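S.K.: The structure file start-v3.txt (compact mmCIF, C-alpha atoms and all ligand atoms) is provided below.
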```txt
# COMPACT_ATOMS: atom_id res chain seq x y z
CA MET P 14 -43.74 -121.33 8.48
CA LYS P 15 -41.10 -123.96 7.94
CA ILE P 16 -42.68 -127.10 6.46
CA LEU P 17 -41.19 -130.18 8.00
CA TYR P 18 -41.88 -133.91 7.62
CA ARG P 19 -39.25 -134.85 5.13
CA SER P 20 -39.23 -138.02 3.11
CA TYR P 21 -37.00 -140.90 4.15
CA ASP P 22 -34.74 -140.25 1.16
CA ALA P 23 -34.52 -136.57 2.07
CA SER P 24 -33.31 -137.39 5.56
CA THR P 25 -30.71 -139.79 4.14
CA THR P 26 -29.43 -136.93 1.98
CA ILE P 27 -29.31 -134.59 4.99
CA PHE P 28 -27.33 -137.14 7.00
CA LYS P 29 -24.88 -137.71 4.14
CA GLU P 30 -24.34 -133.95 3.95
CA LEU P 31 -23.74 -133.81 7.70
CA GLU P 32 -21.25 -136.64 7.38
CA ALA P 33 -19.38 -134.76 4.65
CA GLU P 34 -19.37 -131.58 6.74
CA TYR P 35 -18.52 -133.17 10.12
CA PRO P 36 -16.56 -136.37 9.37
CA LYS P 37 -14.83 -136.23 12.77
CA TYR P 38 -18.11 -136.27 14.68
CA PHE P 39 -20.68 -137.96 12.52
CA LYS P 40 -21.28 -141.18 10.63
CA ILE P 41 -24.21 -142.70 8.74
CA GLU P 42 -24.41 -146.40 7.99
CA SER P 43 -27.00 -149.01 7.10
CA ILE P 44 -27.81 -151.66 9.71
CA GLY P 45 -30.05 -153.70 7.43
CA GLN P 46 -32.74 -153.50 4.79
CA THR P 47 -36.51 -153.41 4.94
CA TRP P 48 -38.95 -155.64 3.01
CA GLU P 49 -38.96 -153.01 0.26
CA LYS P 50 -35.15 -152.90 0.27
CA ARG P 51 -34.69 -149.53 1.90
CA ASP P 52 -31.56 -149.14 3.98
CA ILE P 53 -32.25 -148.74 7.70
CA ASN P 54 -30.10 -145.75 8.62
CA LEU P 55 -28.11 -145.65 11.82
CA ILE P 56 -26.29 -142.43 12.66
CA THR P 57 -23.55 -141.99 15.23
CA ILE P 58 -22.52 -138.73 16.89
CA SER P 59 -19.38 -138.49 19.01
CA LYS P 60 -16.59 -136.05 19.83
CA ASN P 61 -14.36 -138.59 18.14
CA ILE P 62 -16.13 -140.94 15.79
CA LYS P 63 -13.18 -143.37 15.86
CA THR P 64 -13.64 -144.15 19.56
CA ALA P 65 -17.45 -143.84 19.64
CA ASN P 66 -18.08 -147.53 20.26
CA SER P 67 -15.89 -147.56 23.36
CA LYS P 68 -18.02 -144.92 25.15
CA PRO P 69 -21.31 -145.43 26.99
CA ALA P 70 -24.11 -144.58 24.59
CA LEU P 71 -27.63 -143.26 24.20
CA PHE P 72 -29.73 -145.23 21.72
CA TYR P 73 -32.53 -143.28 20.02
CA THR P 74 -35.20 -144.87 17.86
CA GLY P 75 -37.95 -142.98 16.03
CA THR P 76 -41.04 -143.72 13.97
CA ILE P 77 -41.20 -147.49 14.49
CA HIS P 78 -44.91 -146.78 14.07
CA ALA P 79 -45.27 -145.44 10.55
CA ARG P 80 -47.77 -142.66 11.28
CA GLU P 81 -45.82 -141.25 14.24
CA TRP P 82 -43.70 -138.96 12.11
CA ILE P 83 -42.30 -136.81 14.88
CA GLY P 84 -39.62 -139.36 15.85
CA HIS P 85 -37.99 -139.10 12.44
CA GLU P 86 -38.14 -135.29 12.33
CA LEU P 87 -36.88 -134.91 15.89
CA ALA P 88 -33.91 -137.12 15.01
CA ILE P 89 -32.99 -134.94 12.02
CA GLU P 90 -33.32 -131.75 14.05
CA PHE P 91 -31.52 -133.09 17.12
CA ALA P 92 -28.57 -134.43 15.09
CA SER P 93 -28.31 -131.14 13.18
CA TYR P 94 -28.52 -129.13 16.41
CA VAL P 95 -25.79 -131.13 18.13
CA LEU P 96 -23.41 -130.92 15.17
CA ARG P 97 -23.98 -127.22 14.58
CA ASN P 98 -23.29 -126.46 18.25
CA LEU P 99 -20.67 -129.02 19.17
CA GLU P 100 -17.65 -126.85 18.47
CA THR P 101 -18.91 -123.86 20.44
CA ASP P 102 -20.89 -125.42 23.29
CA PRO P 103 -18.59 -126.68 26.07
CA THR P 104 -21.42 -128.66 27.68
CA LEU P 105 -22.05 -130.65 24.51
CA GLN P 106 -18.30 -131.13 24.11
CA THR P 107 -18.06 -132.61 27.60
CA TYR P 108 -21.05 -134.92 27.18
CA LEU P 109 -19.90 -136.11 23.77
CA SER P 110 -16.35 -136.71 24.98
CA GLU P 111 -17.74 -139.08 27.58
CA SER P 112 -20.67 -140.54 25.68
CA THR P 113 -21.93 -141.45 22.23
CA ILE P 114 -25.28 -140.95 20.50
CA TYR P 115 -26.67 -143.67 18.24
CA MET P 116 -29.88 -142.93 16.39
CA VAL P 117 -32.16 -144.92 14.14
CA PRO P 118 -34.17 -141.89 13.03
CA CYS P 119 -36.81 -144.04 11.36
CA ALA P 120 -37.13 -147.69 12.39
CA ASN P 121 -39.92 -148.32 9.86
CA PRO P 122 -38.97 -146.62 6.57
CA ASP P 123 -41.41 -148.59 4.36
CA GLY P 124 -44.33 -147.85 6.64
CA TYR P 125 -43.32 -144.22 6.97
CA GLU P 126 -43.28 -143.71 3.21
CA TYR P 127 -46.61 -145.51 2.89
CA SER P 128 -48.05 -143.24 5.59
CA ARG P 129 -46.68 -140.13 3.88
CA ASN P 130 -47.82 -141.04 0.38
CA HIS P 131 -50.89 -143.26 0.61
CA PHE P 132 -52.60 -143.55 3.95
CA SER P 133 -51.45 -141.25 6.71
CA PHE P 134 -52.90 -143.43 9.48
CA TRP P 135 -50.78 -146.48 8.57
CA ARG P 136 -48.95 -147.92 11.60
CA LYS P 137 -47.25 -151.23 10.69
CA ASN P 138 -44.41 -152.13 8.34
CA ARG P 139 -45.12 -153.33 4.79
CA ARG P 140 -44.65 -157.10 5.02
CA GLN P 141 -46.91 -158.97 2.61
CA ASN P 142 -48.75 -161.37 4.88
CA MET P 143 -49.70 -164.70 3.27
CA ASP P 144 -53.41 -163.81 3.18
CA GLY P 145 -53.23 -160.62 1.13
CA THR P 146 -53.04 -158.27 4.12
CA TYR P 147 -50.05 -156.07 4.80
CA GLY P 148 -47.91 -155.31 7.76
CA VAL P 149 -46.61 -156.29 11.17
CA ASP P 150 -46.66 -153.95 14.15
CA LEU P 151 -42.89 -153.78 14.66
CA ASN P 152 -43.33 -152.68 18.26
CA ARG P 153 -45.15 -155.97 18.99
CA ASN P 154 -42.49 -158.09 17.21
CA PHE P 155 -39.92 -158.21 20.03
CA PRO P 156 -39.76 -161.34 22.21
CA ILE P 157 -40.61 -160.08 25.73
CA GLY P 158 -44.31 -160.84 26.21
CA PHE P 159 -44.77 -161.61 22.50
CA VAL P 160 -48.39 -162.45 21.68
CA LYS P 161 -49.03 -165.01 18.97
CA SER P 162 -52.00 -164.15 16.80
CA THR P 163 -53.35 -164.98 13.36
CA ASN P 164 -55.27 -161.73 13.06
CA THR P 165 -53.00 -160.31 10.39
CA SER P 166 -55.28 -157.38 9.58
CA SER P 167 -55.04 -156.09 13.15
CA ASN P 168 -53.13 -152.86 13.66
CA VAL P 169 -51.20 -154.56 16.46
CA TYR P 170 -50.48 -157.84 14.68
CA GLY P 171 -47.09 -158.89 16.07
CA GLY P 172 -45.94 -161.09 13.18
CA PRO P 173 -45.55 -164.89 12.85
CA GLU P 174 -42.83 -165.01 15.53
CA PRO P 175 -40.58 -162.66 17.53
CA PHE P 176 -37.98 -160.94 15.34
CA SER P 177 -39.65 -162.19 12.15
CA GLU P 178 -39.15 -158.75 10.57
CA PRO P 179 -35.95 -157.42 9.01
CA GLU P 180 -36.49 -154.07 10.79
CA THR P 181 -36.59 -155.57 14.29
CA GLN P 182 -33.76 -157.99 13.43
CA SER P 183 -31.61 -154.99 12.52
CA LEU P 184 -32.39 -153.24 15.82
CA ARG P 185 -31.70 -156.44 17.76
CA ASP P 186 -28.39 -157.12 16.02
CA PHE P 187 -27.21 -153.55 16.51
CA VAL P 188 -28.11 -153.52 20.22
CA LEU P 189 -26.53 -156.94 20.87
CA ALA P 190 -23.34 -155.79 19.12
CA HIS P 191 -23.20 -152.58 21.20
CA PRO P 192 -23.12 -153.42 24.90
CA ASN P 193 -21.95 -149.84 25.50
CA ILE P 194 -25.59 -148.66 25.18
CA THR P 195 -26.87 -147.61 28.61
CA ILE P 196 -30.07 -145.65 27.86
CA ALA P 197 -32.60 -146.36 25.08
CA LEU P 198 -35.36 -143.89 24.17
CA ASP P 199 -38.03 -144.90 21.68
CA TYR P 200 -39.94 -141.90 20.26
CA HIS P 201 -43.61 -142.23 19.47
CA SER P 202 -46.62 -139.99 19.34
CA GLN P 203 -48.89 -139.14 21.02
CA GLY P 204 -49.81 -138.39 24.63
CA ASN P 205 -47.17 -136.13 26.24
CA VAL P 206 -46.07 -139.01 28.42
CA PHE P 207 -43.08 -141.21 29.23
CA PHE P 208 -43.61 -144.97 29.47
CA PRO P 209 -40.53 -146.43 31.20
CA ALA P 210 -39.81 -150.12 30.67
CA HIS P 211 -41.49 -152.61 32.91
CA ASP P 212 -39.32 -155.04 34.79
CA PHE P 213 -42.41 -157.12 35.72
CA ARG P 214 -41.67 -156.79 39.40
CA HIS P 215 -42.63 -153.81 41.53
CA GLU P 216 -42.73 -150.12 40.92
CA ASP P 217 -40.06 -149.47 43.54
CA THR P 218 -37.07 -151.42 42.26
CA ILE P 219 -33.89 -149.39 41.92
CA ASP P 220 -33.99 -149.62 38.12
CA THR P 221 -37.56 -148.36 38.09
CA ILE P 222 -36.66 -145.45 40.33
CA ASP P 223 -33.72 -144.67 38.04
CA MET P 224 -35.96 -144.78 34.98
CA ASN P 225 -38.69 -142.70 36.62
CA THR P 226 -36.14 -140.12 37.74
CA LEU P 227 -34.52 -139.97 34.31
CA CYS P 228 -37.94 -139.42 32.72
CA ALA P 229 -38.96 -136.89 35.39
CA ASN P 230 -35.79 -134.90 34.80
CA MET P 231 -36.37 -134.97 31.04
CA ALA P 232 -39.98 -133.89 31.65
CA GLU P 233 -38.72 -130.97 33.74
CA GLU P 234 -36.50 -129.81 30.83
CA ILE P 235 -39.61 -129.86 28.63
CA ARG P 236 -41.67 -127.95 31.20
CA LYS P 237 -38.98 -125.26 31.44
CA ILE P 238 -39.24 -124.61 27.68
CA SER P 239 -42.98 -124.73 27.05
CA GLY P 240 -44.77 -125.22 30.36
CA ARG P 241 -46.07 -128.51 29.01
CA GLU P 242 -46.38 -131.24 31.65
CA TYR P 243 -45.36 -134.75 30.66
CA GLY P 244 -46.66 -137.68 32.68
CA ILE P 245 -44.70 -140.79 33.64
CA HIS P 246 -46.59 -144.07 33.57
CA GLN P 247 -45.06 -147.45 33.86
CA GLY P 248 -48.30 -149.37 33.50
CA LYS P 249 -49.19 -152.53 35.35
CA PRO P 250 -48.22 -155.95 34.00
CA PRO P 251 -49.44 -158.01 32.32
CA ALA P 252 -50.85 -155.11 30.32
CA LYS P 253 -51.47 -155.99 26.69
CA LEU P 254 -50.15 -152.56 25.91
CA ILE P 255 -46.56 -153.66 26.41
CA SER P 256 -46.47 -157.09 24.73
CA GLY P 257 -43.50 -157.59 22.44
CA SER P 258 -42.27 -154.01 22.52
CA GLY P 259 -38.73 -152.86 21.88
CA ARG P 260 -38.59 -151.09 25.21
CA GLU P 261 -38.75 -154.31 27.26
CA PHE P 262 -36.25 -155.99 24.94
CA TYR P 263 -33.74 -153.17 25.48
CA TYR P 264 -34.36 -153.32 29.21
CA SER P 265 -33.76 -157.10 29.16
CA GLN P 266 -30.27 -156.26 27.85
CA GLY P 267 -29.49 -154.17 30.93
CA ILE P 268 -30.39 -150.86 29.28
CA LEU P 269 -32.52 -148.23 31.02
CA SER P 270 -35.29 -147.71 28.56
CA SER P 271 -38.41 -145.66 27.96
CA VAL P 272 -40.95 -144.86 25.33
CA VAL P 273 -41.46 -141.14 24.82
CA GLU P 274 -44.89 -140.18 23.49
CA VAL P 275 -44.53 -136.73 21.94
CA GLY P 276 -47.33 -134.26 21.40
CA THR P 277 -51.07 -134.54 21.45
CA ARG P 278 -51.73 -135.78 17.93
CA ASN P 279 -49.92 -138.40 15.94
CA ILE P 280 -50.17 -137.69 12.26
CA SER P 281 -49.73 -135.02 9.69
CA ASP P 282 -52.36 -132.71 11.11
CA TYR P 283 -50.19 -131.19 13.74
CA MET P 284 -47.79 -129.09 11.73
CA GLU P 285 -48.13 -126.08 14.02
CA ASP P 286 -47.14 -127.99 17.15
CA MET P 287 -44.25 -129.70 15.54
CA ASN P 288 -41.61 -127.01 15.83
CA GLU P 289 -42.47 -126.49 19.46
CA ASN P 290 -42.36 -130.22 20.18
CA ILE P 291 -38.93 -130.40 18.64
CA ARG P 292 -37.73 -127.32 20.48
CA GLU P 293 -38.76 -128.72 23.87
CA HIS P 294 -37.39 -132.21 23.27
CA ILE P 295 -33.86 -131.16 22.30
CA PRO P 296 -32.92 -130.07 25.86
CA ALA P 297 -34.59 -133.20 27.24
CA LEU P 298 -32.43 -135.35 24.99
CA ILE P 299 -29.33 -133.44 26.03
CA TYR P 300 -30.27 -134.13 29.64
CA ALA P 301 -30.53 -137.86 28.83
CA LEU P 302 -27.13 -137.70 27.16
CA LYS P 303 -25.68 -136.23 30.33
CA GLU P 304 -26.91 -139.28 32.29
CA VAL P 305 -25.59 -141.91 29.86
CA ASP P 306 -22.17 -142.18 31.51
CA ASN P 307 -23.72 -142.75 34.96
CA TYR P 308 -25.26 -146.05 33.87
CA SER P 309 -22.15 -147.44 32.23
CA LYS P 310 -21.85 -151.16 32.96
CA ASN P 311 -18.15 -150.76 33.80
CA SER P 312 -18.71 -147.78 36.04
CA PRO P 313 -16.64 -148.09 39.22
CA MET P 314 -19.45 -146.38 41.17
CA SER P 315 -21.64 -148.66 43.25
CA ARG P 316 -25.17 -147.88 44.32
CA VAL P 317 -26.27 -146.60 47.69
CA ASN P 318 -27.78 -149.45 49.73
CA SER P 319 -30.50 -149.63 52.34
CA PHE P 320 -31.60 -146.01 52.07
CA ASP P 321 -34.06 -145.88 54.94
CA VAL P 322 -35.95 -143.72 57.41
CA THR P 323 -34.79 -144.31 60.98
CA GLU P 324 -36.95 -141.75 62.76
CA ILE P 325 -39.97 -139.63 61.93
CA GLY P 326 -40.81 -136.69 64.20
CA SER P 327 -43.53 -134.07 63.93
CA ASN P 328 -41.31 -131.86 61.80
CA HIS P 329 -38.16 -133.81 61.06
CA VAL P 330 -37.04 -137.08 59.59
CA ASN P 331 -33.77 -139.00 59.99
CA LEU P 332 -32.36 -140.87 57.05
CA LYS P 333 -29.62 -143.47 56.95
CA TRP P 334 -27.91 -145.52 54.24
CA ASP P 335 -25.03 -147.89 53.53
CA PHE P 336 -22.08 -147.33 51.26
CA THR P 337 -18.49 -148.55 51.24
CA ILE P 338 -16.56 -145.55 52.55
CA ASP P 339 -14.64 -143.71 49.87
CA LYS P 340 -13.04 -140.31 50.51
CA ASP P 341 -13.85 -139.18 46.96
CA VAL P 342 -17.55 -139.92 47.27
CA TYR P 343 -20.31 -137.69 48.59
CA PHE P 344 -24.07 -138.09 48.56
CA GLU P 345 -26.77 -135.88 47.08
CA ILE P 346 -30.21 -136.03 48.67
CA PHE P 347 -33.27 -134.70 46.89
CA ARG P 348 -36.60 -133.99 48.56
CA SER P 349 -39.88 -133.79 46.69
CA ARG P 350 -43.58 -133.67 47.44
CA SER P 351 -44.65 -136.26 44.91
CA ASP P 352 -43.58 -139.61 43.59
CA LYS P 353 -41.73 -139.75 40.21
CA HIS P 354 -40.43 -136.25 40.75
CA PHE P 355 -37.42 -134.67 39.12
CA CYS P 356 -34.15 -134.50 41.05
CA ASN P 357 -32.17 -131.43 40.13
CA ALA P 358 -30.51 -128.42 41.76
CA SER P 359 -33.87 -126.96 42.77
CA ASN P 360 -34.75 -129.79 45.16
CA LEU P 361 -31.25 -130.86 46.21
CA ILE P 362 -31.38 -130.45 50.00
CA THR P 363 -27.90 -131.56 50.97
CA LYS P 364 -24.53 -132.81 49.86
CA THR P 365 -22.89 -134.86 52.56
CA GLN P 366 -20.13 -137.41 53.12
CA SER P 367 -21.91 -138.79 56.16
CA LEU P 368 -24.06 -141.93 56.03
CA GLU P 369 -26.97 -140.23 57.75
CA PHE P 370 -28.92 -137.02 57.49
CA SER P 371 -31.60 -135.27 59.51
CA ASP P 372 -34.08 -133.21 57.50
CA ILE P 373 -35.76 -130.59 59.65
CA ASN P 374 -38.43 -127.91 59.21
CA LEU P 375 -40.89 -130.29 57.64
CA ALA P 376 -44.62 -129.68 57.83
CA SER P 377 -46.56 -132.32 59.71
CA ASN P 378 -49.16 -134.47 57.96
CA LYS P 379 -47.53 -133.98 54.56
CA ASP P 380 -45.93 -136.57 52.31
CA TYR P 381 -42.26 -136.24 51.45
CA PHE P 382 -40.22 -138.32 49.04
CA TYR P 383 -36.43 -138.64 49.17
CA ASN P 384 -33.94 -139.74 46.54
CA ILE P 385 -30.23 -140.24 47.07
CA ARG P 386 -27.29 -140.75 44.82
CA ALA P 387 -23.56 -141.13 45.30
CA VAL P 388 -21.24 -138.79 43.41
CA ASN P 389 -17.53 -139.24 42.84
CA LYS P 390 -16.09 -135.75 43.16
CA LYS P 391 -13.04 -136.59 41.04
CA THR P 392 -14.76 -138.25 38.09
CA ASN P 393 -18.20 -136.65 38.62
CA GLN P 394 -19.73 -140.06 37.99
CA LYS P 395 -23.01 -140.63 39.79
ZN ZN P 401 -46.29 -145.68 18.70
```
I'd like the structure from this file rewritten - as structure tokens, please.

M.R.:
Amino acid sequence: MKILYRSYDASTTIFKELEAEYPKYFKIESIGQTWEKRDINLITISKNIKTANSKPALFYTGTIHAREWIGHELAIEFASYVLRNLETDPTLQTYLSESTIYMVPCANPDGYEYSRNHFSFWRKNRRQNMDGTYGVDLNRNFPIGFVKSTNTSSNVYGGPEPFSEPETQSLRDFVLAHPNITIALDYHSQGNVFFPAHDFRHEDTIDTIDMNTLCANMAEEIRKISGREYGIHQGKPPAKLISGSGREFYYSQGILSSVVEVGTRNISDYMEDMNENIREHIPALIYALKEVDNYSKNSPMSRVNSFDVTEIGSNHVNLKWDFTIDKDVYFEIFRSRSDKHFCNASNLITKTQSLEFSDINLASNKDYFYNIRAVNKKTNQK
């Protein structure tokens, strides 16, 4: 069996080799240094590295929690997969002509090395707190919902103030300097679940529906590979669970964002599952990449408004919506039997240019859920 879980230095070497082999498509740079003076690697993948920053982008972060090693390994394997296949896979070529991938494979290099070499269950970074304890939970060090605490020995100690840590400062500065980022995925373990960002309003805002649908479609890609079912849980504010996390910070910058909890165990004892987890997450990431362009802030596509039910019969339902008429635009309607369901070709029930639709042959006394999106047939933007 292939032994994975490479050291931080080993992954840096791999990325430098990829850069030498694929200079047109790939770049590695440092976006800052940790307490222990390790470079925080940021890698970029694009069809044309020179124009990468002008394209809408996916932002991947892994292993912000030291013991959650899968994020780092998945980043290495995903980057290698994309580069190895880019020249022969027309789908990847299309996605990477329109969009860019940024990855911080390991957002907590000091903690990761400490977890690998000394104490596998270590979670925080390696700041020396003033009282002899070590570490700040980097995913509690962002400003949204930051909780001030003096309990420095806690595993979820958020630091003296938001962005007190060089690791989170580096993530912040990179994100603020790259407004082209449209989707952010933060990889953790464990739980086989997506945790989309909370907007602290209701579960049915358009952004929330977009995030739930993105996650549901990624989950469906995973299910197709392994049969594994990923849940989607937004959580209810003001849950302590989400105080000061990167996910809400990215969302506050207008980025659709989710935590992805991979696998059922979080540390080194899950070697056997690892290859399978990586195998099932690569297509899910490619799906996310496909959606990046649709959430571009300068997209000319507007959203469908006032999507509503106008009539419910015993076996039909009439739907209606608003949209500024455009001869290049049609609408896709998806029907599902549960909330937070995927929307793909298998549950697409119509494509129409009309602003209303009657769905017939429904069973009575059953719940149905509908999603709609506008598609520009010339640009294929959605
Ligand atoms: Zn975590």

S.K.: Considering all atoms listed in the file, can you say which of P:Asp144, P:Asp150, P:Glu90, P:Glu49 comes closest to ligand ZN 401 (chain P)?

M.R.: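 Among P:Asp144, P:Asp150, P:Glu90, P:Glu49, it is P:Asp150 that comes nearest to ligand ZN 401 (chain P).
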
S.K.: Could you give me, as a PyMOL selection string, every polymer residue with an atom at most 7 Å away from an atom of ligand ZN 401 (chain P), counting only C-alpha atoms and all ligand atoms?

M.R.: chain P and resi 77-78+81+201-202

S.K.: My list of candidates is P:Ile62, P:Ile219, P:Ala232, P:Cys356. Which is closest to His294 in chain P when distances are computed with all atoms listed in the file?

M.R.: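 Answer, going by the shortest atom-to-atom distance: P:Ala232.
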
S.K.: Using only C-alpha atoms, which of the listed residues (P:Leu55, P:Val149, P:Ile325, P:Ala210) sits closest to Val169 in chain P?

M.R.: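 Among the listed residues, P:Val149 lies closest to Val169 in chain P.
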
S.K.: Got a sec: who's within 12 Å of Gln203 in chain P, counting all atoms listed in the file, leaving out chain neighbours fewer than 3 positions off, as a PDB file with C-alpha atoms, in the frame of the given file?

M.R.:
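What ended up in out_3.pdb:
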```
ATOM      1  CA  THR P  76     -41.040-143.720  13.970  1.00  0.00           C
ATOM      2  CA  HIS P  78     -44.910-146.780  14.070  1.00  0.00           C
ATOM      3  CA  ARG P  80     -47.770-142.660  11.280  1.00  0.00           C
ATOM      4  CA  GLU P  81     -45.820-141.250  14.240  1.00  0.00           C
ATOM      5  CA  TRP P  82     -43.700-138.960  12.110  1.00  0.00           C
ATOM      6  CA  ILE P  83     -42.300-136.810  14.880  1.00  0.00           C
ATOM      7  CA  GLY P  84     -39.620-139.360  15.850  1.00  0.00           C
ATOM      8  CA  TYR P 200     -39.940-141.900  20.260  1.00  0.00           C
ATOM      9  CA  VAL P 206     -46.070-139.010  28.420  1.00  0.00           C
ATOM     10  CA  PHE P 207     -43.080-141.210  29.230  1.00  0.00           C
ATOM     11  CA  PHE P 208     -43.610-144.970  29.470  1.00  0.00           C
ATOM     12  CA  TYR P 243     -45.360-134.750  30.660  1.00  0.00           C
ATOM     13  CA  GLY P 244     -46.660-137.680  32.680  1.00  0.00           C
ATOM     14  CA  VAL P 272     -40.950-144.860  25.330  1.00  0.00           C
ATOM     15  CA  VAL P 273     -41.460-141.140  24.820  1.00  0.00           C
ATOM     16  CA  GLU P 274     -44.890-140.180  23.490  1.00  0.00           C
ATOM     17  CA  VAL P 275     -44.530-136.730  21.940  1.00  0.00           C
ATOM     18  CA  GLY P 276     -47.330-134.260  21.400  1.00  0.00           C
ATOM     19  CA  THR P 277     -51.070-134.540  21.450  1.00  0.00           C
ATOM     20  CA  ARG P 278     -51.730-135.780  17.930  1.00  0.00           C
ATOM     21  CA  ASN P 279     -49.920-138.400  15.940  1.00  0.00           C
ATOM     22  CA  ILE P 280     -50.170-137.690  12.260  1.00  0.00           C
ATOM     23  CA  TYR P 283     -50.190-131.190  13.740  1.00  0.00           C
ATOM     24  CA  ASP P 286     -47.140-127.990  17.150  1.00  0.00           C
ATOM     25  CA  MET P 287     -44.250-129.700  15.540  1.00  0.00           C
ATOM     26  CA  ASN P 290     -42.360-130.220  20.180  1.00  0.00           C
TER      27      ASN P 290
END
```

S.K.: For CA of Glu86 in chain P and CA of Arg139 in chain P, determine how far apart the two atoms are, in Å to one decimal place.

M.R.: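 CA of Arg139 in chain P lies 20.8 Å from CA of Glu86 in chain P.
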
S.K.: Mind checking which residues fall within 12 Å of Asn130 in chain P, counting all atoms listed in the file, ignoring those fewer than 5 positions away in the same chain, and posting them as a PyMOL selection string?

M.R.: chain P and resi 18-21+79-80+123-125+135+281

S.K.: Determine the nearest neighbour of His246 in chain P from the options P:Asp102, P:Glu304, P:Asp352, P:Glu293, counting all atoms listed in the file.

M.R.: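 Using all atoms listed in the file, the shortest distance to His246 in chain P belongs to P:Asp352.
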
S.K.: Counting only C-alpha atoms, figure out which residue out of P:Ser270, P:Asn318, P:Asn288, P:Ser327 gets nearest to Leu87 in chain P.

M.R.: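 Checking each of P:Ser270, P:Asn318, P:Asn288, P:Ser327 against Leu87 in chain P, counting only C-alpha atoms, the winner is P:Asn288.
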
S.K.: What lies within 7 Å of range 184-199 of chain P using all atoms listed in the file, ignoring chain neighbours under 5 positions off, as an mmCIF file with C-alpha atoms, in the frame of the given file?

M.R.:
```cif
data_model
loop_
_atom_site.group_PDB
_atom_site.id
_atom_site.type_symbol
_atom_site.label_atom_id
_atom_site.label_comp_id
_atom_site.auth_asym_id
_atom_site.auth_seq_id
_atom_site.Cartn_x
_atom_site.Cartn_y
_atom_site.Cartn_z
ATOM 1 C CA ASN P 66 -18.080 -147.530 20.260
ATOM 2 C CA SER P 67 -15.890 -147.560 23.360
ATOM 3 C CA LYS P 68 -18.020 -144.920 25.150
ATOM 4 C CA PRO P 69 -21.310 -145.430 26.990
ATOM 5 C CA ALA P 70 -24.110 -144.580 24.590
ATOM 6 C CA LEU P 71 -27.630 -143.260 24.200
ATOM 7 C CA PHE P 72 -29.730 -145.230 21.720
ATOM 8 C CA TYR P 73 -32.530 -143.280 20.020
ATOM 9 C CA THR P 74 -35.200 -144.870 17.860
ATOM 10 C CA GLY P 75 -37.950 -142.980 16.030
ATOM 11 C CA TYR P 263 -33.740 -153.170 25.480
ATOM 12 C CA ILE P 268 -30.390 -150.860 29.280
ATOM 13 C CA LEU P 269 -32.520 -148.230 31.020
ATOM 14 C CA SER P 270 -35.290 -147.710 28.560
ATOM 15 C CA SER P 271 -38.410 -145.660 27.960
ATOM 16 C CA VAL P 272 -40.950 -144.860 25.330
ATOM 17 C CA VAL P 273 -41.460 -141.140 24.820
ATOM 18 C CA VAL P 305 -25.590 -141.910 29.860
ATOM 19 C CA TYR P 308 -25.260 -146.050 33.870
ATOM 20 C CA SER P 309 -22.150 -147.440 32.230
#
```
